[in-house]
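Asker: Here you go, one structure.
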Amino acid sequence: MTDSTLPAPALLDWVRNELRTPVSVTAHPSPAREDSRVWALRRPDGVRFCLKVASRPLSYERETFALRHAVPALGSGHAPQLRASSAEHLALLLTAVPGRPLGRLTLTPAEEVRAHWQGGALLARLHAAGDLSGPRRTEAERSLRAAADEAEEHLRQADGRLTPAERRLVRDLTERLRCLPLLPLAFVHGAARPRNLLWSPASAQACWIGFERARFATVVHDFVPMSCGIWADRPELAAACFRGYGRELVPEEHHALSGLAALDAVRCLVRGPAHHDAATTARGRRTLDRLMAGVFGERHTLARIR
């Protein structure tokens with residue numbers, strides 16, 4: 001490892017002071033455009049931790065709040081625990097958790113179903129743990145309207161990548177977000193996707209990480225990433241997740257899901273080309289194609305996997 005891959009000396013001093021011991025450091029691989037840098041730490045006694053440094057104050061503030069406010073409800077081994085934080089360094093010192101991201105594992109279909117079932121059950125715990133009083137409820141109630149407000153700017157940035165018919169559809173679906181009745185609210189993960197859902201084959205246990213986008217919003221926000229990704233080809237995984245969650249989406253939530261997916265598609269068609277990320281571009285294009293064909297967000301009933 002070269003020095004450029006190590007945390008800054010002042011940051012390492014902070015870590016050693018918090019742990020009161022020297023540590024060995026290994027850089028974690030991070031996806032493009034990740035909101036943070038992560039290092040694996042090991043004390044001389046073999047106990048492992050993670051050091052995470054956010055790229056911006058908002059990400060640091062959101063994850064720190066999440067780890068203190070709601071994440072402990074997931075239980076030991078199902079999410080990192082906050083050991084220490086430093087606003088000066090935008091740094092979080094976290095306990096290590098077992099498992100690897102689903103996207104980096106080769107699992108049997110039964111293991112995948114179990115992982116998504118547990119992922120849904122853990123999201124239910126997270127959603128139930130949020131304190132929706134006062135301004136937090138207001139923030140959650142405004143989340144769909146806030147998403148609709150973003151649509152026009154994203155369409156402007158995506159100019160030339162959508163047909164006129166696709167632009168009309170996106171505007172129609174996102175404008176409907178303003179007209180929906182009040183939907184179930186929660187403290188949401190904000191990035192509930194395969195890279196943040198870990199699975200440990202040894203213990204058959206799931207774990208959520210990556211809470212830098214956690215916030216108060218409608219429950220349905222947490223089902224957009226998977227619906228626009230792996231669930232498109234694997235409806236049994238969606239059914240497993242909702243079974244673990246304990247309920248299906250109500251019809252109004254399905255309408256919201258389509259609007260949020262349209263916005264996600266346009267974002268992908270902006271970010272993907274900008275970062276030469278073919279996978280993100282393909283995700284946006286596929287979601288938009290499914291919305292145009294009217295086959296996005298089919299309901300995945302609990303009965304399918306009983």
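In the structure tokens, each chain is lettered A, B, ... as it comes, each chain's residues begin at 1, and ligands are numbered from 1 in order of appearance.
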With 12 Å as the cut-off and only C-alpha atoms counted, what is the closest atom pair between each nearby residue of segment 200-244 of chain A and segment 271-291 of chain A? Distances in Å to one decimal, ordered by chain and number, as a Markdown table.
Answerer:
| residue | atom | partner | partner_atom | distance |
| --- | --- | --- | --- | --- |
| A:Val224 | CA | A:Thr287 | CA | 10.7 |
| A:Pro225 | CA | A:Arg283 | CA | 10.1 |
| A:Met226 | CA | A:Arg283 | CA | 10.9 |
| A:Ser227 | CA | A:Thr287 | CA | 8.9 |
| A:Cys228 | CA | A:Thr287 | CA | 5.9 |
| A:Gly229 | CA | A:Arg283 | CA | 6.7 |
| A:Ile230 | CA | A:Arg283 | CA | 9.8 |
| A:Trp231 | CA | A:Thr287 | CA | 11.2 |
| A:Ala232 | CA | A:Thr287 | CA | 8.6 |
| A:Asp233 | CA | A:Arg286 | CA | 11.2 |
Asker: With DSSP run on the backbone, what are the alpha helix (DSSP H) residues within segment 53-249 of chain A? I'd like them as a PyMOL selection string.
Answerer: chain A and resi 57-69+109-129+135-141+143-157+164-176+224-227+235-245
Asker: In terms of the shortest atom-to-atom distance over only C-alpha atoms, which of A:Gly259, A:Gly294, A:Gly75, A:Pro164 is closest to Ala121 of chain A?
Answerer: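 Using only C-alpha atoms, the shortest distance to Ala121 of chain A belongs to A:Gly75.
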Asker: Using only C-alpha atoms, which of the listed residues (A:Leu6, A:Ala91, A:Val15, A:Leu67) sits closest to Ser36 of chain A?
Answerer: A:Ala91
Asker: What are the closest atom pairs, with distances in Å to one decimal, for all residues of segment 68-157 of chain A lying within 12 Å of segment 43-50 of chain A? Consider only C-alpha atoms, order rows by chain and residue number, and present the result as JSON lines.
Answerer:
{"residue": "A:Pro80", "atom": "CA", "partner": "A:Cys50", "partner_atom": "CA", "distance": 8.8}
{"residue": "A:Gln81", "atom": "CA", "partner": "A:Phe49", "partner_atom": "CA", "distance": 9.7}
{"residue": "A:Leu82", "atom": "CA", "partner": "A:Cys50", "partner_atom": "CA", "distance": 9.8}
{"residue": "A:Arg83", "atom": "CA", "partner": "A:Phe49", "partner_atom": "CA", "distance": 8.9}
{"residue": "A:Ala84", "atom": "CA", "partner": "A:Cys50", "partner_atom": "CA", "distance": 10.8}
{"residue": "A:Ser85", "atom": "CA", "partner": "A:Cys50", "partner_atom": "CA", "distance": 11.8}
{"residue": "A:Ala91", "atom": "CA", "partner": "A:Cys50", "partner_atom": "CA", "distance": 10.3}
{"residue": "A:Leu92", "atom": "CA", "partner": "A:Cys50", "partner_atom": "CA", "distance": 8.0}
{"residue": "A:Leu93", "atom": "CA", "partner": "A:Cys50", "partner_atom": "CA", "distance": 5.9}
{"residue": "A:Leu94", "atom": "CA", "partner": "A:Cys50", "partner_atom": "CA", "distance": 5.0}
{"residue": "A:Thr95", "atom": "CA", "partner": "A:Phe49", "partner_atom": "CA", "distance": 4.6}
{"residue": "A:Ala96", "atom": "CA", "partner": "A:Phe49", "partner_atom": "CA", "distance": 4.6}
{"residue": "A:Val97", "atom": "CA", "partner": "A:Phe49", "partner_atom": "CA", "distance": 8.4}
{"residue": "A:Pro98", "atom": "CA", "partner": "A:Arg48", "partner_atom": "CA", "distance": 10.3}
Asker: Quick one: residues within 9 Å of Pro57 of chain A, only C-alpha atoms counted, chain neighbours fewer than 4 positions away excluded, as a PyMOL selection string?
Answerer: chain A and resi 61-62+87+90
Asker: Rounded to one decimal place, report the atom CA of Arg161 of chain A-atom CA of Arg176 of chain A distance in Å.
Answerer: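 Between atom CA of Arg161 of chain A and atom CA of Arg176 of chain A the gap works out to 22.6 Å.
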Asker: Could you tell me how far atom CA of Val23 of chain A sits from atom CA of Arg37 of chain A, in Å to one decimal place?
Answerer: 17.4 Å
Asker: Can you pull out every residue within 8 Å of segment 147-154 of chain A, counting only C-alpha atoms, but drop anything in the same chain fewer than 3 positions away, and send it as a ChimeraX atom specification?
Answerer: /A:143-144,157-158,170-171,174-175,177-178,260,263,266-267,270
Asker: Just to confirm, what's the straight-line distance from atom CA of Pro251 of chain A to atom CA of Ala239 of chain A in Å (one decimal)?
Answerer: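 Atom CA of Pro251 of chain A sits 15.7 Å away from atom CA of Ala239 of chain A.
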Asker: When distances are computed from only C-alpha atoms, which of A:Phe216, A:Phe223, A:Phe211, A:Phe296 shows the smallest separation from Leu237 of chain A?
Answerer: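 Nearest candidate to Leu237 of chain A out of A:Phe216, A:Phe223, A:Phe211, A:Phe296: A:Phe223.
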Asker: DSSP says strand (DSSP E or B) for which residues of segment 10-101 of chain A? Put them as an NGL selection string?
Answerer: :A and (24-27 or 36-42 or 48-54 or 82-86 or 91-95 or 100-101)
Asker: So, with only C-alpha atoms as the atoms that count, which of A:Arg68, A:Arg56, A:His28, A:Arg156 lies closest to Leu269 of chain A?
Answerer: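 Once distances to Leu269 of chain A are computed over only C-alpha atoms, the minimum belongs to A:Arg156.
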Asker: Considering only C-alpha atoms, state which residue in the set A:Gly130, A:Gly119, A:Gly99, A:Gly210 is at the smallest distance from Arg243 of chain A.
Answerer: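 Under the stated criterion, the closest residue is A:Gly119.
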